[in-house]
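The next block is data_26.txt, given as compact mmCIF, C-alpha atoms.
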# COMPACT_ATOMS: atom_id res chain seq x y z
CA MET A 18 -48.85 27.25 23.00
CA ILE A 19 -51.73 29.69 23.27
CA ILE A 20 -51.92 32.16 26.15
CA ASN A 21 -55.17 34.05 26.67
CA GLY A 22 -54.93 36.32 29.71
CA THR A 23 -53.45 33.89 32.22
CA ALA A 24 -54.95 30.74 30.66
CA ILE A 25 -52.48 28.47 28.84
CA ARG A 26 -53.27 25.83 26.22
CA MET A 27 -50.61 23.52 24.78
CA ILE A 28 -50.29 20.17 23.02
CA ARG A 29 -48.96 17.29 25.10
CA GLY A 30 -45.41 16.39 24.05
CA ASP A 31 -44.65 19.71 22.34
CA THR A 32 -41.59 21.72 23.32
CA GLU A 33 -42.57 25.17 24.56
CA VAL A 34 -40.95 28.23 26.14
CA LEU A 35 -42.78 30.43 28.64
CA THR A 36 -41.25 33.78 29.61
CA VAL A 37 -42.53 35.39 32.82
CA SER A 38 -41.88 38.93 34.00
CA CYS A 39 -43.15 40.71 37.07
CA GLU A 40 -44.48 44.13 38.07
CA GLN A 41 -44.84 45.92 41.38
CA GLU A 42 -48.36 46.72 42.56
CA ASP A 43 -47.98 50.22 41.10
CA GLY A 44 -47.22 48.77 37.65
CA THR A 45 -43.48 49.45 37.61
CA PRO A 46 -41.25 46.57 36.54
CA ARG A 47 -39.90 44.27 39.24
CA PRO A 48 -37.08 42.34 37.56
CA PHE A 49 -36.08 39.01 39.04
CA VAL A 50 -32.58 39.10 40.56
CA ASP A 51 -29.91 36.69 41.80
CA GLY A 52 -31.23 34.97 44.90
CA ASP A 53 -34.85 34.90 43.68
CA THR A 54 -36.55 31.62 42.74
CA VAL A 55 -39.55 31.53 40.42
CA TYR A 56 -41.74 28.42 40.38
CA LEU A 57 -44.18 27.22 37.73
CA THR A 58 -46.48 24.54 39.13
CA VAL A 59 -49.09 22.67 37.08
CA SER A 60 -51.40 20.91 39.57
CA SER A 61 -49.52 17.88 40.87
CA VAL A 62 -48.12 16.84 37.48
CA LEU A 63 -45.28 19.29 36.81
CA GLN A 64 -43.15 21.79 38.71
CA LYS A 65 -40.26 23.83 37.31
CA GLN A 66 -38.06 26.43 38.98
CA VAL A 67 -35.84 29.15 37.58
CA THR A 68 -32.99 30.81 39.48
CA ALA A 69 -31.10 32.43 36.57
CA PHE A 70 -32.80 35.23 34.67
CA THR A 71 -32.51 37.12 31.39
CA GLU A 72 -30.67 40.44 31.22
CA ASP A 73 -33.96 42.28 31.65
CA GLY A 74 -34.92 40.18 34.70
CA ALA A 75 -37.41 37.72 33.18
CA ALA A 76 -37.76 34.03 34.09
CA VAL A 77 -37.73 31.61 31.15
CA PHE A 78 -39.33 28.19 31.61
CA TYR A 79 -38.45 25.52 29.05
CA LEU A 80 -41.04 22.76 28.78
CA SER A 81 -39.45 19.84 27.00
CA HIS A 82 -41.13 17.08 25.02
CA GLU A 83 -40.13 14.57 27.70
CA GLU A 84 -41.68 16.62 30.52
CA THR A 85 -45.19 16.73 29.05
CA ASN A 86 -45.28 13.67 26.77
CA ASP A 87 -46.64 11.25 29.37
CA ILE A 88 -48.95 13.62 31.27
CA PRO A 89 -52.61 12.76 30.56
CA ALA A 90 -54.39 15.30 28.37
CA SER A 91 -56.68 17.23 30.67
CA ARG A 92 -57.56 20.61 32.17
CA TYR A 93 -55.24 21.49 35.05
CA LYS A 94 -54.59 24.53 37.21
CA TYR A 95 -51.22 26.28 37.36
CA ASP A 96 -49.67 29.19 39.17
CA VAL A 97 -46.38 31.04 39.23
CA GLN A 98 -44.82 31.89 42.57
CA LEU A 99 -41.85 34.09 43.45
CA THR A 100 -39.72 33.39 46.47
CA ALA A 101 -37.63 36.55 46.71
CA LYS A 102 -34.06 36.54 47.97
CA ASP A 103 -35.31 38.09 51.24
CA GLY A 104 -37.65 35.11 51.79
CA THR A 105 -40.87 36.90 50.79
CA VAL A 106 -43.27 34.59 48.93
CA THR A 107 -45.68 36.07 46.37
CA THR A 108 -47.97 34.35 43.89
CA ILE A 109 -47.46 36.44 40.76
CA ILE A 110 -49.85 34.49 38.51
CA PRO A 111 -52.84 33.22 40.51
CA PRO A 112 -54.28 29.75 39.92
CA SER A 113 -55.33 29.70 36.26
CA ASP A 114 -56.33 27.18 33.61
CA PHE A 115 -53.63 25.06 31.99
CA VAL A 116 -55.12 22.87 29.27
CA LEU A 117 -52.91 20.07 28.02
CA GLU A 118 -54.46 18.90 24.77
CA GLY A 119 -54.02 15.40 23.42
CA ASP A 120 -51.84 14.73 20.45
CA VAL A 121 -52.21 12.33 17.53
CA THR A 122 -48.58 11.52 16.75
CA ARG A 123 -47.10 9.47 19.60
CA GLU A 124 -43.40 8.63 19.88
Show the structure stored in the file as structure tokens.
Amino acid sequence: MIINGTAIRMIRGDTEVLTVSCEQEDGTPRPFVDGDTVYLTVSSVLQKQVTAFTEDGAAVFYLSHEETNDIPASRYKYDVQLTAKDGTVTTIIPPSDFVLEGDVTRE
């Protein structure tokens, strides 16, 4: 996986891990806490959610081989959204490029 700014590029069918953390508008850390839900949505082809976080309050998204193996190679858009435990909804990574590159070895 290659991340450049907010753009992501990965090979279809690879297993990848994406760790997301959050900051307040003033730049101070805003760790995710119990009761929060963080969503990763890639156009209409993939959506993942995380409700358990690392000790330092980051969300870890595991993209398995099976989840991306049959998605057509293409350029998609993705975003990451936080639904806080108080019900507040905030897009923490705005719509950005997600390029799923084709692979040669097919299982």
**Asked** Taking only C-alpha atoms into account, which of A:Ser113, A:Thr107, A:Thr54, A:Thr122 comes nearest A:Arg92?
**Response**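 For A:Arg92, the nearest of the given residues is A:Ser113.
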Set the distance at 12 Å and use all atoms listed in the file: which residues neighbour A:Val67 once local chain neighbours fewer than 5 positions away are removed? I'd like the list as an mmCIF file with C-alpha atoms, in the frame of the given file.
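Written out: part35.cif:
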data_model
loop_
_atom_site.group_PDB
_atom_site.id
_atom_site.type_symbol
_atom_site.label_atom_id
_atom_site.label_comp_id
_atom_site.auth_asym_id
_atom_site.auth_seq_id
_atom_site.Cartn_x
_atom_site.Cartn_y
_atom_site.Cartn_z
ATOM 1 C CA LEU A 35 -42.780 30.430 28.640
ATOM 2 C CA THR A 36 -41.250 33.780 29.610
ATOM 3 C CA VAL A 37 -42.530 35.390 32.820
ATOM 4 C CA PHE A 49 -36.080 39.010 39.040
ATOM 5 C CA VAL A 50 -32.580 39.100 40.560
ATOM 6 C CA ASP A 51 -29.910 36.690 41.800
ATOM 7 C CA GLY A 52 -31.230 34.970 44.900
ATOM 8 C CA ASP A 53 -34.850 34.900 43.680
ATOM 9 C CA THR A 54 -36.550 31.620 42.740
ATOM 10 C CA VAL A 55 -39.550 31.530 40.420
ATOM 11 C CA TYR A 56 -41.740 28.420 40.380
ATOM 12 C CA LEU A 57 -44.180 27.220 37.730
ATOM 13 C CA THR A 58 -46.480 24.540 39.130
ATOM 14 C CA GLY A 74 -34.920 40.180 34.700
ATOM 15 C CA ALA A 75 -37.410 37.720 33.180
ATOM 16 C CA ALA A 76 -37.760 34.030 34.090
ATOM 17 C CA VAL A 77 -37.730 31.610 31.150
ATOM 18 C CA PHE A 78 -39.330 28.190 31.610
ATOM 19 C CA TYR A 79 -38.450 25.520 29.050
ATOM 20 C CA VAL A 97 -46.380 31.040 39.230
ATOM 21 C CA GLN A 98 -44.820 31.890 42.570
ATOM 22 C CA LEU A 99 -41.850 34.090 43.450
ATOM 23 C CA THR A 100 -39.720 33.390 46.470
ATOM 24 C CA ALA A 101 -37.630 36.550 46.710
#
**Request:** For atom CA of A:Ile25 and atom CA of A:Glu118, determine how far apart the two atoms are, in Å to one decimal place.
**Result:**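 The value is 10.6 Å.
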**Atom-to-atom span, atom CA of A:Asp43 and atom CA of A:Arg26, Å** = 29.1 Å
**Prompt:** Which of these, A:Ile88, A:Ala69, A:Leu63, A:Ile109, has the shortest distance to A:Thr23 once you count all atoms listed in the file?
**Reply:**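 Smallest separation from A:Thr23 among the options: A:Ile109.
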**Prompt:** So how far away is atom CA of A:Ile110 from atom CA of A:Gly22, in Å?
**Reply:**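 Distance reported for this atom pair: 10.3 Å.
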Padding of 5 Å on every side, edges along x, y and z, all listed atoms of stretch 38-50 of chain A included: what centre and edge lengths in Å, to one decimal, does that box have, as JSON?
{"center_x": -40.5, "center_y": 44.6, "center_z": 38.3, "size_x": 25.8, "size_y": 21.3, "size_z": 18.6}
Around (-54.9, 25.0, 31.1) in the file's own coordinates, what residues are found within 12 Å if you use all atoms listed in the file, given back as an mmCIF file with C-alpha atoms, keeping the file's coordinate frame?
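Once written, out-v7.cif looks like this:
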data_model
loop_
_atom_site.group_PDB
_atom_site.id
_atom_site.type_symbol
_atom_site.label_atom_id
_atom_site.label_comp_id
_atom_site.auth_asym_id
_atom_site.auth_seq_id
_atom_site.Cartn_x
_atom_site.Cartn_y
_atom_site.Cartn_z
ATOM 1 C CA MET A 18 -48.850 27.250 23.000
ATOM 2 C CA ILE A 19 -51.730 29.690 23.270
ATOM 3 C CA ILE A 20 -51.920 32.160 26.150
ATOM 4 C CA ASN A 21 -55.170 34.050 26.670
ATOM 5 C CA GLY A 22 -54.930 36.320 29.710
ATOM 6 C CA THR A 23 -53.450 33.890 32.220
ATOM 7 C CA ALA A 24 -54.950 30.740 30.660
ATOM 8 C CA ILE A 25 -52.480 28.470 28.840
ATOM 9 C CA ARG A 26 -53.270 25.830 26.220
ATOM 10 C CA MET A 27 -50.610 23.520 24.780
ATOM 11 C CA ILE A 28 -50.290 20.170 23.020
ATOM 12 C CA ARG A 29 -48.960 17.290 25.100
ATOM 13 C CA THR A 58 -46.480 24.540 39.130
ATOM 14 C CA VAL A 59 -49.090 22.670 37.080
ATOM 15 C CA SER A 60 -51.400 20.910 39.570
ATOM 16 C CA ALA A 90 -54.390 15.300 28.370
ATOM 17 C CA SER A 91 -56.680 17.230 30.670
ATOM 18 C CA ARG A 92 -57.560 20.610 32.170
ATOM 19 C CA TYR A 93 -55.240 21.490 35.050
ATOM 20 C CA LYS A 94 -54.590 24.530 37.210
ATOM 21 C CA TYR A 95 -51.220 26.280 37.360
ATOM 22 C CA ASP A 96 -49.670 29.190 39.170
ATOM 23 C CA PRO A 112 -54.280 29.750 39.920
ATOM 24 C CA SER A 113 -55.330 29.700 36.260
ATOM 25 C CA ASP A 114 -56.330 27.180 33.610
ATOM 26 C CA PHE A 115 -53.630 25.060 31.990
ATOM 27 C CA VAL A 116 -55.120 22.870 29.270
ATOM 28 C CA LEU A 117 -52.910 20.070 28.020
ATOM 29 C CA GLU A 118 -54.460 18.900 24.770
#
**Prompt:** Skipping near chain neighbours, those fewer than 3 positions away, what residues fall within 7 Å of A:Cys39 using all atoms listed in the file, listed as a PyMOL selection string?
**Reply:** chain A and resi 46-48
Resulting file, chosen residues, C-alpha atoms, as a PDB file, keeping the file's coordinate frame:
ATOM      1  CA  PRO A  46     -41.250  46.570  36.540  1.00  0.00           C
ATOM      2  CA  ARG A  47     -39.900  44.270  39.240  1.00  0.00           C
ATOM      3  CA  PRO A  48     -37.080  42.340  37.560  1.00  0.00           C
TER       4      PRO A  48
END
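Across A:Gln64, A:Asp87, A:Gly44, A:Thr71, the tightest approach to A:Gly119 is made by A:Asp87 when counting all atoms listed in the file.
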